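In what follows, a structure is listed as structure tokens, so that the remarks can point back to it.
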Protein chains: 2
Amino acid sequence: MTTAENLAQAVTPVVEDYLKTIYLMGRAHEQVKTVSLAERMNVKPSSVTAMVKALAEMGLVEHEPYYGVHLTANGERIALEVIRHHRLIELYLVEALGFTWDEVHEEAEVLEHVISEKLEARIAAHLGHPTVDPHGDPIPKLDGTLPRTATRSLADVPERTSARIVRVCDQDAERLRYVAGLGVVPGAEVTVTAIAPFEGPVSVRVGKKIHALDRRLAQTILVED
Amino acid sequence: MTTAENLAQAVTPVVEDYLKTIYLMGRAHEQVKTVSLAERMNVKPSSVTAMVKALAEMGLVEHEPYYGVHLTANGERIALEVIRHHRLIELYLVEALGFTWDEVHEEAEVLEHVISEKLEARIAAHLGHPTVDPHGDPIPKLDGTLPRTATRSLADVPERTSARIVRVCDQDAERLRYVAGLGVVPGAEVTVTAIAPFEGPVSVRVGKKIHALDRRLAQTILVED
DNA sequence: ATTAAGATTTAGACTAATCTAAACTTTGGT
DNA sequence: ACCAAAGTTTAGATTAGTCTAAATCTTAAT
């Protein structure tokens, strides 16, 4: 009994957060390493090891000690449910309650764990069963599929070419307000005017104005066309 | 150090639930007894004692051992904040998302602990700063005051007298659906046609129909006029 | 005035989730 | 091929909240 290899603990909000983060870091199938998971979760690596062990016993992840962790089918299903909640809530807060896109992440971060399936359904229906959230992040469907989106970033657009912004992969409120202030939001048409060498800034024209964006920032902005 | 009389723990959802329940059971100032609190919270009396001790150390309640517990000003402030959240959320779910009044309690029970002040404000504004929830329960104001409501129940209305329903103090979904089915909802005009002796049923006419209500149920239905 | 029933508290254990410190494994550079 | 640095796991402690079982207090009935 003291050996304590018994119990299937419940899917708590913390468990959901680990699964969601493993999914988002590993696109569900790559191995995710302990330290990077610890950084994203704001816990120490030893805490991750402990939790990963528990998740493995629950059959939600597979853990190859010293090499990393990845989700099982069950783990992925839960992760996608949580992500669906998160993105539906973000969109709902913007559409129904007048939040701005930089305000919704924190709120959704807690609400995602506590809304019932019934509330999820009402929100989805109220929004007309949307496919993307305010940042352009795709919303997983009820059946657990996640529509693929663009993978080309602003930094990959050839100079003197236009593209339409479809997604901004950033959840930092400050940066979201900054790019929104420049007109860089999903749906906007922009033209890349210059890409500086040595990982330098990417210049884009939005309407009549030209703005220089840090390369790493430009890489979080996904486009199509 | 082992004597462990140190730490101010945080105001967790569980702490909020205890404060809310103490408020609702004691109208804030009466002593609330351990066993009744334990029953309402669905925990054992010893758990209540432990928590009450912690709440007292946090300055949120005063505890007279063996005699009961009541809220301090700080405890009452938190309790009213949580109740405000609860009732705003219940009303919002009904008004904005098409829930029925029997569905909203469970949902509000968890959401009340996690919405931000900003979301609370948006919800209140969206509803036009309402004063009562779908059950007629008054919504505490931002300043921590709680409007007084009717105290006369259907069982106190003289026979052959009309009254307007203002509040149904019940959170059981089954019973709520039942009385709503009879037309007994806040705002409805009813006439008490008979009150049976020996704590017997109260008969009321709603529209053209007459229904007999159990005395205890009638006592949860508050009226004015 | 006593006592038994009922209510309350204490004592000690358990779980989920975290931490620090120490031990172990992998890997990349010479 | 070795070995130090980086990454990972183990060991053991801590906190919030709960439980069971035992001890203690209050009260109401005789």
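Quick note on naming: the chains in the structure tokens go A, B, ... in the order shown, residues restart at 1 in each chain, and ligands are numbered from 1 in order of appearance.
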
Sort by chain and increasing residue number a table of all residues of chain D within 10 Å of chain B, each with its closest pair of atoms and their distance in Å to one decimal, counting only C-alpha atoms (C1' of nucleotides), and write it as JSON lines.
```
{"residue": "D:DT15", "atom": "C1'", "partner": "B:Gln9", "partner_atom": "CA", "distance": 8.9}
{"residue": "D:DA16", "atom": "C1'", "partner": "B:Gln9", "partner_atom": "CA", "distance": 8.5}
{"residue": "D:DG17", "atom": "C1'", "partner": "B:Ser47", "partner_atom": "CA", "distance": 8.0}
{"residue": "D:DT18", "atom": "C1'", "partner": "B:Ser47", "partner_atom": "CA", "distance": 6.6}
{"residue": "D:DC19", "atom": "C1'", "partner": "B:Lys44", "partner_atom": "CA", "distance": 7.8}
{"residue": "D:DT20", "atom": "C1'", "partner": "B:Ser46", "partner_atom": "CA", "distance": 9.7}
{"residue": "D:DC25", "atom": "C1'", "partner": "B:Tyr66", "partner_atom": "CA", "distance": 7.3}
{"residue": "D:DT26", "atom": "C1'", "partner": "B:Tyr66", "partner_atom": "CA", "distance": 7.9}
```

| query | Which polymer residues have any atom within 8 Å of an atom of B:His113, counting only C-alpha atoms (C1' of nucleotides), with same-chain residues fewer than 4 positions away left out, as a ChimeraX atom specification? | reply | /B:13,16,82,85,109

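Residues lying within 12 Å of B:Ser153, counting only C-alpha atoms (C1' of nucleotides) and ignoring same-chain neighbours fewer than 5 positions away, are Pro158, Ala163, Arg164, Ile165, Val166, Arg167, Val168, Cys169, Val192, Val202, Arg215, Arg216, Leu217, Ala218, Gln219, Thr220, Ile221, Leu222, Val223, Glu224 and Asp225 of chain B.
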
| request: Find the residues in chain C near chain A: any atom within 9 Å counts, using only C-alpha atoms (C1' of nucleotides). Write them as a VMD selection string. | output: chain C and resid 15 to 19 25 to 26

| Do you know which residues are at most 12 Å from C:DT2 counting only C-alpha atoms (C1' of nucleotides), after dropping those on the same chain fewer than 3 positions away, and could you put them as a ChimeraX atom specification? | /D:28-30

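Counting only C-alpha atoms, every residue of chain A that comes within 10 Å of chain B is listed here: Leu93, Ala96, Leu97, Gly98, Phe99, Glu103, Val104, Glu106, Glu107, Ala108, Glu109, Val110, Leu111, His113, Val114, Ile115, Ser116, Lys118, Leu119, Arg122, Ile123, Ala125 and His126 of chain A.
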
| query | Where does DSSP see strand (DSSP E or B) in stretch 13-178 of chain A, if you list the residues as a PyMOL selection string? | reply | chain A and resi 32+61-64+68-71+132+138+153+161-168

| field | Shell of 10 Å around A:Val11, only C-alpha atoms (C1' of nucleotides), local chain residues under 4 positions omitted, as JSON, numbers by chain | value | {"A": [15, 16, 17, 19, 55, 58, 60, 78]}

Can you tell me, as an mmCIF file with N, CA and C atoms, in the first residue's frame, which residues in stretch 101-219 of chain A count as helix (DSSP H, G or I) by DSSP?
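Done, and the output landed in part31.cif:
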```
data_model
loop_
_atom_site.group_PDB
_atom_site.id
_atom_site.type_symbol
_atom_site.label_atom_id
_atom_site.label_comp_id
_atom_site.auth_asym_id
_atom_site.auth_seq_id
_atom_site.Cartn_x
_atom_site.Cartn_y
_atom_site.Cartn_z
ATOM 1 N N VAL A 104 -9.125 39.060 -23.917
ATOM 2 C CA VAL A 104 -9.904 37.837 -23.724
ATOM 3 C C VAL A 104 -9.116 36.609 -23.280
ATOM 4 N N HIS A 105 -7.800 36.623 -23.483
ATOM 5 C CA HIS A 105 -7.048 35.402 -23.196
ATOM 6 C C HIS A 105 -7.110 35.002 -21.725
ATOM 7 N N GLU A 106 -6.835 35.942 -20.855
ATOM 8 C CA GLU A 106 -6.806 35.641 -19.415
ATOM 9 C C GLU A 106 -8.159 35.109 -18.942
ATOM 10 N N GLU A 107 -9.203 35.781 -19.400
ATOM 11 C CA GLU A 107 -10.558 35.394 -19.004
ATOM 12 C C GLU A 107 -10.865 33.971 -19.475
ATOM 13 N N ALA A 108 -10.535 33.697 -20.732
ATOM 14 C CA ALA A 108 -10.825 32.364 -21.289
ATOM 15 C C ALA A 108 -9.998 31.288 -20.603
ATOM 16 N N GLU A 109 -8.831 31.682 -20.138
ATOM 17 C CA GLU A 109 -7.918 30.716 -19.508
ATOM 18 C C GLU A 109 -8.557 30.018 -18.298
ATOM 19 N N VAL A 110 -9.392 30.721 -17.577
ATOM 20 C CA VAL A 110 -10.066 30.067 -16.444
ATOM 21 C C VAL A 110 -11.442 29.532 -16.822
ATOM 22 N N LEU A 111 -12.160 30.282 -17.648
ATOM 23 C CA LEU A 111 -13.521 29.851 -18.010
ATOM 24 C C LEU A 111 -13.509 28.529 -18.778
ATOM 25 N N GLU A 117 -21.076 21.473 -21.001
ATOM 26 C CA GLU A 117 -21.280 21.187 -22.419
ATOM 27 C C GLU A 117 -22.490 21.958 -22.946
ATOM 28 N N LYS A 118 -23.469 22.135 -22.060
ATOM 29 C CA LYS A 118 -24.662 22.867 -22.471
ATOM 30 C C LYS A 118 -24.328 24.325 -22.786
ATOM 31 N N LEU A 119 -23.536 24.934 -21.905
ATOM 32 C CA LEU A 119 -23.166 26.335 -22.145
ATOM 33 C C LEU A 119 -22.300 26.446 -23.390
ATOM 34 N N GLU A 120 -21.379 25.522 -23.555
ATOM 35 C CA GLU A 120 -20.554 25.505 -24.767
ATOM 36 C C GLU A 120 -21.451 25.495 -26.003
ATOM 37 N N ALA A 121 -22.473 24.627 -25.981
ATOM 38 C CA ALA A 121 -23.365 24.491 -27.134
ATOM 39 C C ALA A 121 -24.133 25.782 -27.392
ATOM 40 N N ARG A 122 -24.606 26.422 -26.312
ATOM 41 C CA ARG A 122 -25.363 27.676 -26.497
ATOM 42 C C ARG A 122 -24.476 28.778 -27.071
ATOM 43 N N ILE A 123 -23.246 28.817 -26.591
ATOM 44 C CA ILE A 123 -22.320 29.840 -27.080
ATOM 45 C C ILE A 123 -22.025 29.603 -28.557
ATOM 46 N N ALA A 124 -21.731 28.344 -28.899
ATOM 47 C CA ALA A 124 -21.420 28.028 -30.298
ATOM 48 C C ALA A 124 -22.598 28.375 -31.200
ATOM 49 N N ALA A 125 -23.817 28.037 -30.755
ATOM 50 C CA ALA A 125 -25.001 28.324 -31.559
ATOM 51 C C ALA A 125 -25.193 29.829 -31.709
ATOM 52 N N HIS A 126 -25.013 30.554 -30.586
ATOM 53 C CA HIS A 126 -25.184 32.007 -30.618
ATOM 54 C C HIS A 126 -24.224 32.653 -31.608
ATOM 55 N N LEU A 154 4.202 36.339 -42.281
ATOM 56 C CA LEU A 154 4.566 37.585 -42.952
ATOM 57 C C LEU A 154 6.029 37.580 -43.370
ATOM 58 N N ALA A 155 6.854 36.915 -42.558
ATOM 59 C CA ALA A 155 8.289 36.909 -42.852
ATOM 60 C C ALA A 155 8.621 36.044 -44.066
ATOM 61 N N ASP A 156 7.649 35.242 -44.526
ATOM 62 C CA ASP A 156 7.882 34.367 -45.675
ATOM 63 C C ASP A 156 7.322 34.948 -46.963
ATOM 64 N N ALA A 173 -1.019 40.638 -24.339
ATOM 65 C CA ALA A 173 -1.958 41.750 -24.533
ATOM 66 C C ALA A 173 -1.269 42.986 -25.117
ATOM 67 N N GLU A 174 -0.092 43.317 -24.594
ATOM 68 C CA GLU A 174 0.642 44.492 -25.078
ATOM 69 C C GLU A 174 0.908 44.414 -26.577
ATOM 70 N N ARG A 175 1.471 43.285 -26.993
ATOM 71 C CA ARG A 175 1.811 43.145 -28.412
ATOM 72 C C ARG A 175 0.565 43.113 -29.275
ATOM 73 N N LEU A 176 -0.515 42.495 -28.774
ATOM 74 C CA LEU A 176 -1.754 42.455 -29.559
ATOM 75 C C LEU A 176 -2.303 43.862 -29.761
ATOM 76 N N ARG A 177 -2.250 44.672 -28.696
ATOM 77 C CA ARG A 177 -2.723 46.064 -28.844
ATOM 78 C C ARG A 177 -1.852 46.812 -29.850
ATOM 79 N N TYR A 178 -0.534 46.551 -29.782
ATOM 80 C CA TYR A 178 0.396 47.219 -30.690
ATOM 81 C C TYR A 178 0.085 46.904 -32.149
ATOM 82 N N VAL A 179 -0.018 45.612 -32.467
ATOM 83 C CA VAL A 179 -0.249 45.271 -33.880
ATOM 84 C C VAL A 179 -1.652 45.678 -34.331
ATOM 85 N N ALA A 180 -2.613 45.600 -33.424
ATOM 86 C CA ALA A 180 -3.957 46.050 -33.791
ATOM 87 C C ALA A 180 -3.930 47.544 -34.109
ATOM 88 N N GLY A 181 -3.112 48.291 -33.361
ATOM 89 C CA GLY A 181 -2.978 49.731 -33.595
ATOM 90 C C GLY A 181 -2.420 50.031 -34.981
ATOM 91 N N ARG A 215 11.382 40.775 -36.766
ATOM 92 C CA ARG A 215 11.277 39.507 -37.474
ATOM 93 C C ARG A 215 10.490 38.454 -36.697
ATOM 94 N N ARG A 216 10.789 38.340 -35.353
ATOM 95 C CA ARG A 216 10.096 37.315 -34.564
ATOM 96 C C ARG A 216 8.594 37.597 -34.490
ATOM 97 N N LEU A 217 8.252 38.904 -34.419
ATOM 98 C CA LEU A 217 6.846 39.267 -34.396
ATOM 99 C C LEU A 217 6.195 38.902 -35.741
ATOM 100 N N ALA A 218 6.911 39.245 -36.838
ATOM 101 C CA ALA A 218 6.371 38.957 -38.172
ATOM 102 C C ALA A 218 6.116 37.464 -38.341
ATOM 103 N N GLN A 219 6.942 36.661 -37.693
ATOM 104 C CA GLN A 219 6.788 35.207 -37.833
ATOM 105 C C GLN A 219 5.558 34.664 -37.114
#
```

| request: Excluding stretch 21-32 of chain A and any residue of its chain fewer than 5 positions from it, enumerate the residues within 9 Å of it, using only C-alpha atoms (C1' of nucleotides), and give them as JSON, numbers by chain. | output: {"A": [16, 37, 40, 41, 63, 64, 67, 68, 69, 70, 71, 72, 75, 76, 79, 80]}

Could you list, with a cut-off of 9 Å and counting only C-alpha atoms (C1' of nucleotides), the residues of stretch 11-30 of chain D near stretch 8-11 of chain C, each shown with its nearest atom pair and the distance in Å rounded to one decimal, rows sorted by chain and ascending number, as JSON lines?
```
{"residue": "D:DA21", "atom": "C1'", "partner": "C:DA11", "partner_atom": "C1'", "distance": 9.0}
{"residue": "D:DA22", "atom": "C1'", "partner": "C:DA11", "partner_atom": "C1'", "distance": 8.0}
{"residue": "D:DA23", "atom": "C1'", "partner": "C:DT10", "partner_atom": "C1'", "distance": 7.2}
{"residue": "D:DT24", "atom": "C1'", "partner": "C:DT9", "partner_atom": "C1'", "distance": 7.2}
{"residue": "D:DC25", "atom": "C1'", "partner": "C:DT8", "partner_atom": "C1'", "distance": 7.1}
```

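Shell of D:DG12 at 12 Å, with only C-alpha atoms (C1' of nucleotides) counted and residues fewer than 3 places along the chain excluded, is DC19, DT20, DA21 and DA22 of chain C.
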